[in-house]
Amino acid sequence: MKWFLLPLLVLVPLQTAAAQPPVAKFSGGMGHAKPSSPEGFDALSRLEILAYARTVAAHQDLTNTASLQSYLGRPKVNAASVAAWMGLTQARLLGNFAKASAHCAPADPACLPAPAGWPALAADTAALDALPSAYAEWTAALASFSEAYFREQLRLAALFPAITDEALRLDPGEKDGWELPDKAFLLTFDDGPTAPRGNTDRTLAMLAEQRLPGIFFVLGEALQQRLALESAAGLRGLYQGQAVSAHGWTHTSHAKRPDWQDSITRTRALIHATFPALPERLIFFRPPYGERRPEAQAFLAGQGGSAVMLWNLDSQDWNAAINADEVAARQLALMLLWRRGILLFHDVHPKAATAVPAIVKALKGSGVSFLGAAELFPEGPK
């Protein structure tokens with residue numbers, strides 16, 4: 001049984017700050033479980049957590065420079081950043097397994113007591129080997145996905161902070177999705193707006209049809225170009241029900257450009273002028289590629305109490321190597337694994353408009369919530 005079957009969409013990838021490894025994709029049957037109920041969501045979540053914990057445990061000796069260089073095939077790595085990321089990952093897996101196991105029945109797949117610590121969770125991964133045969137395709141797909149996803153995330157951690165990204169925070173005030181409640185998610189869309197009747201319009205129409213809130217991180221230059229073709233009132237109507245935040249004036253690294261502060265303030269000023277009802281504290285800043293300076297959060301805090309907003313569930317929808325079906329499957333797998341977070345999509349590409357409804361359909365009845373910025377941060381960033 002497959003999760004979903006969506007049409008193939010091929011895109012040209014954006015230029016990234018460093019070469020990307022093969023993207024982690026998930027494909028496989030779900031056995032007898034489905035994520036369309038709270039019990040089903042937790043059952044699949046437990047299996048995902050155990051599969052990823054097994055992969056992490058198998059590679060937890062990657063703590064020194066030489067072993068990291070060999071595994072990643074990169075001459076420059078940061079073992080200290082990897083150690084910090086590894087510790088956070090293990091703690092998150094422990095906490096998530098406790099949540100996923102809180103109300104399970106003994107007959108449910110991998111219904112185990114909450115482990116007392118990381119060694120106990122690593123030992124509990126043996127439960128994957130005792131699952132009924134109906135789960136064989138699922139667990140095989142999980143093992144493959146977990147290995148590829150682990151390599152993705154380890155690479156990001158190993159490059160940090162020479163190349164900043166979503167792997168670790170530079171400041172505790174940054175928002176990256178881990179601060180959200182269990183089963184709460186935020187949809188975000190980068191790089192727009194497109195020209196009228198383009199992919200931004202289609203993405204907004206999809207959200208309106210699905211009655212879903214999100215945050216659109218716009219480029220100041222693109223917003224200025226759109227305003228030359230359409231009135232501010234027209235844009236307010238188009239984005240009605242959605243939040244708008246800053247992605248910088250142009251899509252360039254804000255860790256390297258000398259005018260990074262001007263890029264942020266200029267974009268925020270244009271957003272505020274176009275959408276004056278939007279509270280300044282909810283005009284977040286998402287740095288292109290996740291690349292920002294350590295002082296960016298303090299600077300944003302002084303801009304009406306705003307914050308840097310990253311992500312922890314990357315759809316890779318910009319990548320030509322992954323189609324819309326695979327984007328939906330990847331995000332669903334990550335939602336089951338991490339149980340909360342900020343989903344990253346791009347409204348300049350068409351995949352999100354197809355993938356998001358498939359995700360919502362798969363999770364209907366699961367107890368998952370898609371919340372807006374004002375609901376998630378009612379008092380503003382802290």
# chains A, B, ... in the order shown; residues from 1 in each chain; ligands from 1

call {"tool": "select_by_dssp", "arguments": {"residues": "segment 203-325 of chain A", "states": "strand (DSSP E or B)", "output": "NGL selection string"}}
result
:A and (215-218 or 243-246 or 285 or 308-309 or 313-314)

call {"tool": "select_by_dssp", "arguments": {"residues": "segment 223-299 of chain A", "states": "helix (DSSP H, G or I)", "output": "PyMOL selection string"}}
result
chain A and resi 223-227+232-238+260-274+280-282+288-290+296-299

call {"tool": "residues_around", "arguments": {"residues": "Ala100 of chain A", "least_positions_apart": "5", "cutoff": "10 Å", "atoms": "only C-alpha atoms", "output": "PyMOL selection string"}}
result
chain A and resi 38-39+41-47+49+95+111-112+114+182+336-337+339

call {"tool": "residues_around", "arguments": {"residues": "Phe284 of chain A", "least_positions_apart": "4", "cutoff": "9 Å", "atoms": "only C-alpha atoms", "output": "ChimeraX atom specification"}}
result
/A:217,244-247,268,280,300,306-309

call {"tool": "write_last_selection", "arguments": {"atoms": "N, CA and C atoms", "output": "short mmCIF file (atom, residue, chain, number, x, y, z; two decimals), in the first residue's frame"}}
result
data_model
loop_
_atom_site.label_atom_id
_atom_site.label_comp_id
_atom_site.auth_asym_id
_atom_site.auth_seq_id
_atom_site.Cartn_x
_atom_site.Cartn_y
_atom_site.Cartn_z
N PHE A 217 7.59 33.78 3.11
CA PHE A 217 8.82 34.55 3.25
C PHE A 217 9.17 35.13 1.88
N VAL A 244 2.91 37.19 6.18
CA VAL A 244 3.99 37.51 5.25
C VAL A 244 5.21 37.94 6.06
N SER A 245 6.36 37.39 5.71
CA SER A 245 7.60 37.71 6.42
C SER A 245 8.72 37.92 5.43
N ALA A 246 9.88 38.28 5.93
CA ALA A 246 11.00 38.72 5.09
C ALA A 246 12.00 37.59 4.81
N HIS A 247 12.44 37.54 3.56
CA HIS A 247 13.46 36.59 3.13
C HIS A 247 14.70 37.34 2.64
N ARG A 268 11.47 44.39 5.30
CA ARG A 268 10.43 44.52 6.33
C ARG A 268 9.61 45.80 6.15
N GLU A 280 4.39 43.96 13.60
CA GLU A 280 5.83 43.92 13.29
C GLU A 280 6.51 42.72 13.93
N LEU A 300 17.18 41.44 14.95
CA LEU A 300 15.75 41.25 14.70
C LEU A 300 14.93 41.55 15.94
N SER A 306 10.89 41.00 16.62
CA SER A 306 10.83 39.90 15.66
C SER A 306 11.94 38.88 15.94
N ALA A 307 12.08 37.91 15.04
CA ALA A 307 13.07 36.84 15.24
C ALA A 307 13.47 36.22 13.92
N VAL A 308 14.63 35.58 13.93
CA VAL A 308 15.03 34.70 12.84
C VAL A 308 14.18 33.44 12.91
N MET A 309 13.60 33.04 11.78
CA MET A 309 12.85 31.79 11.73
C MET A 309 13.48 30.86 10.69
#

call {"tool": "closest_residue", "arguments": {"among": "A:Phe299, A:Leu229, A:Glu221, A:Ala136", "to": "Thr267 of chain A", "atoms": "only C-alpha atoms"}}
result
A:Glu221

call {"tool": "closest_residue", "arguments": {"among": "A:Ala84, A:Ala57, A:Ala374, A:Ala255", "to": "Arg293 of chain A", "atoms": "only C-alpha atoms"}}
result
A:Ala255

call {"tool": "residues_around", "arguments": {"residues": "segment 149-152 of chain A", "least_positions_apart": "4", "cutoff": "8 Å", "atoms": "only C-alpha atoms", "output": "VMD selection string"}}
result
chain A and resid 21 23 to 24 52 55 to 56 72 145 156

call {"tool": "atom_distance", "arguments": {"atom1": "atom CA of His103 of chain A", "atom2": "atom CA of Lys183 of chain A"}}
result
14.7 Å

call {"tool": "residues_around", "arguments": {"residues": "Thr63 of chain A", "least_positions_apart": "6", "cutoff": "7 Å", "atoms": "only C-alpha atoms", "output": "PyMOL selection string"}}
result
chain A and resi 79+82-83

call {"tool": "residues_around", "arguments": {"residues": "Ile271 of chain A", "least_positions_apart": "5", "cutoff": "9 Å", "atoms": "only C-alpha atoms", "output": "ChimeraX atom specification"}}
result
/A:218,220,223,244-246,266,276,278,283

call {"tool": "write_last_selection", "arguments": {"atoms": "C-alpha atoms", "output": "PDB file, in the first residue's frame"}}
result
ATOM      1  CA  VAL A 218       9.011  37.046   0.404  1.00  0.00           C
ATOM      2  CA  GLY A 220      11.824  42.362  -1.223  1.00  0.00           C
ATOM      3  CA  LEU A 223       7.517  41.929  -3.877  1.00  0.00           C
ATOM      4  CA  VAL A 244       3.990  37.512   5.248  1.00  0.00           C
ATOM      5  CA  SER A 245       7.600  37.714   6.421  1.00  0.00           C
ATOM      6  CA  ALA A 246      11.005  38.720   5.094  1.00  0.00           C
ATOM      7  CA  ARG A 266      14.279  47.358   3.581  1.00  0.00           C
ATOM      8  CA  PRO A 276       0.031  47.436   7.525  1.00  0.00           C
ATOM      9  CA  LEU A 278       0.466  42.676  10.157  1.00  0.00           C
ATOM     10  CA  ILE A 283       7.332  39.836  10.372  1.00  0.00           C
TER      11      ILE A 283
END

call {"tool": "closest_residue", "arguments": {"among": "A:Arg281, A:His349, A:Arg292, A:Arg92", "to": "Arg169 of chain A", "atoms": "only C-alpha atoms"}}
result
A:Arg292

call {"tool": "closest_residue", "arguments": {"among": "A:Lys364, A:Arg286, A:Lys99, A:Lys25", "to": "Pro181 of chain A", "atoms": "only C-alpha atoms"}}
result
A:Lys99

call {"tool": "decode", "arguments": {"residues": "segment 56-202 of chain A", "atoms": "C-alpha atoms", "output": "compact mmCIF listing (two decimals), in the first residue's frame"}}
result
# COMPACT_ATOMS: atom_id res chain seq x y z
CA VAL A 56 22.01 7.16 14.83
CA ALA A 57 23.24 4.46 17.22
CA ALA A 58 25.09 2.70 14.39
CA HIS A 59 27.00 5.91 13.65
CA GLN A 60 27.36 7.45 17.10
CA ASP A 61 31.12 6.87 16.97
CA LEU A 62 31.38 9.63 14.34
CA THR A 63 32.71 12.06 16.93
CA ASN A 64 36.21 12.87 15.72
CA THR A 65 37.49 14.72 12.69
CA ALA A 66 39.06 11.72 10.96
CA SER A 67 35.95 9.51 11.13
CA LEU A 68 33.73 12.36 9.95
CA GLN A 69 36.04 13.16 7.04
CA SER A 70 35.99 9.52 5.99
CA TYR A 71 32.20 9.09 6.30
CA LEU A 72 31.26 12.35 4.58
CA GLY A 73 34.14 12.49 2.13
CA ARG A 74 34.83 16.10 3.10
CA PRO A 75 38.22 17.56 4.12
CA LYS A 76 36.78 20.21 6.46
CA VAL A 77 34.38 19.18 9.22
CA ASN A 78 33.50 20.48 12.68
CA ALA A 79 33.48 17.62 15.19
CA ALA A 80 32.25 19.88 18.01
CA SER A 81 29.16 20.90 16.03
CA VAL A 82 28.47 17.27 15.19
CA ALA A 83 28.73 16.30 18.86
CA ALA A 84 26.25 19.05 19.80
CA TRP A 85 23.85 17.99 17.02
CA MET A 86 24.19 14.32 17.97
CA GLY A 87 23.29 15.06 21.59
CA LEU A 88 20.24 17.10 20.59
CA THR A 89 19.12 14.41 18.14
CA GLN A 90 19.33 11.67 20.76
CA ALA A 91 17.40 13.79 23.29
CA ARG A 92 14.68 14.58 20.73
CA LEU A 93 14.30 10.92 19.79
CA LEU A 94 13.97 9.99 23.46
CA GLY A 95 11.34 12.64 24.11
CA ASN A 96 9.39 11.81 20.98
CA PHE A 97 9.33 8.09 21.72
CA ALA A 98 7.93 8.81 25.17
CA LYS A 99 5.14 10.89 23.59
CA ALA A 100 4.42 8.27 20.93
CA SER A 101 4.23 5.50 23.55
CA ALA A 102 2.19 7.34 26.17
CA HIS A 103 -1.18 5.82 25.23
CA CYS A 104 -0.36 2.75 23.15
CA ALA A 105 -1.94 -0.66 23.72
CA PRO A 106 0.40 -3.63 24.27
CA ALA A 107 -0.75 -5.19 20.99
CA ASP A 108 0.23 -2.10 18.98
CA PRO A 109 3.43 -2.26 16.92
CA ALA A 110 6.50 -1.52 19.06
CA CYS A 111 4.48 -0.48 22.10
CA LEU A 112 7.28 -0.23 24.65
CA PRO A 113 7.74 1.66 27.92
CA ALA A 114 9.44 5.02 27.63
CA PRO A 115 13.20 4.29 27.77
CA ALA A 116 15.17 5.70 30.68
CA GLY A 117 17.97 7.01 28.47
CA TRP A 118 19.64 6.84 25.08
CA PRO A 119 21.29 3.40 25.57
CA ALA A 120 17.86 1.96 26.43
CA LEU A 121 16.27 3.46 23.31
CA ALA A 122 19.12 2.16 21.17
CA ALA A 123 18.51 -1.32 22.63
CA ASP A 124 14.75 -1.00 22.01
CA THR A 125 15.37 -0.72 18.26
CA ALA A 126 15.55 -4.54 18.26
CA ALA A 127 11.73 -4.41 18.36
CA LEU A 128 11.85 -3.61 14.63
CA ASP A 129 13.09 -7.15 13.98
CA ALA A 130 10.06 -8.69 15.67
CA LEU A 131 7.36 -6.85 13.71
CA PRO A 132 4.75 -8.82 11.75
CA SER A 133 5.59 -9.56 8.11
CA ALA A 134 3.01 -6.98 7.01
CA TYR A 135 5.50 -4.30 8.07
CA ALA A 136 8.46 -5.69 6.11
CA GLU A 137 8.17 -3.22 3.22
CA TRP A 138 7.67 -0.34 5.64
CA THR A 139 10.69 -1.16 7.81
CA ALA A 140 12.92 -1.71 4.76
CA ALA A 141 11.91 1.69 3.39
CA LEU A 142 12.49 3.24 6.83
CA ALA A 143 16.01 1.83 7.03
CA SER A 144 16.92 3.25 3.63
CA PHE A 145 15.33 6.63 4.36
CA SER A 146 16.94 6.87 7.79
CA GLU A 147 20.44 6.27 6.45
CA ALA A 148 20.06 8.88 3.69
CA TYR A 149 18.42 11.42 6.00
CA PHE A 150 21.09 10.89 8.67
CA ARG A 151 23.81 11.64 6.12
CA GLU A 152 21.96 14.81 5.07
CA GLN A 153 21.69 16.07 8.62
CA LEU A 154 25.18 15.02 9.67
CA ARG A 155 26.63 16.91 6.72
CA LEU A 156 24.81 20.08 7.77
CA ALA A 157 26.09 19.73 11.32
CA ALA A 158 29.64 19.04 10.14
CA LEU A 159 29.67 22.23 8.06
CA PHE A 160 28.28 24.37 10.89
CA PRO A 161 29.11 27.19 11.60
CA ALA A 162 31.45 27.71 8.63
CA ILE A 163 28.22 27.43 6.64
CA THR A 164 25.24 28.24 8.83
CA ASP A 165 21.98 26.40 8.22
CA GLU A 166 19.15 24.76 10.16
CA ALA A 167 21.36 22.19 11.93
CA LEU A 168 21.94 24.28 15.06
CA ARG A 169 20.88 27.64 16.47
CA LEU A 170 23.30 30.53 16.61
CA ASP A 171 21.14 32.25 19.24
CA PRO A 172 18.55 30.76 21.63
CA GLY A 173 15.99 33.29 20.38
CA GLU A 174 15.95 31.82 16.88
CA LYS A 175 12.87 29.82 15.90
CA ASP A 176 13.55 26.49 14.22
CA GLY A 177 10.47 24.34 14.92
CA TRP A 178 11.73 22.43 17.93
CA GLU A 179 10.01 24.86 20.28
CA LEU A 180 6.52 23.92 19.02
CA PRO A 181 4.08 21.68 20.93
CA ASP A 182 3.70 18.00 20.09
CA LYS A 183 1.83 17.42 16.78
CA ALA A 184 1.80 21.16 15.96
CA PHE A 185 3.17 22.23 12.59
CA LEU A 186 3.70 25.46 10.67
CA LEU A 187 3.62 25.64 6.86
CA THR A 188 6.11 28.08 5.34
CA PHE A 189 6.82 29.08 1.74
CA ASP A 190 9.92 30.87 0.45
CA ASP A 191 11.14 33.01 -2.44
CA GLY A 192 7.93 34.62 -3.77
CA PRO A 193 5.97 36.30 -4.94
CA THR A 194 5.89 35.16 -8.54
CA ALA A 195 4.27 37.15 -11.33
CA PRO A 196 0.44 37.33 -11.29
CA ARG A 197 -1.30 33.98 -11.90
CA GLY A 198 1.97 32.17 -11.20
CA ASN A 199 2.91 29.55 -8.60
CA THR A 200 2.47 31.92 -5.65
CA ASP A 201 -1.17 32.50 -6.65
CA ARG A 202 -1.73 28.76 -7.07
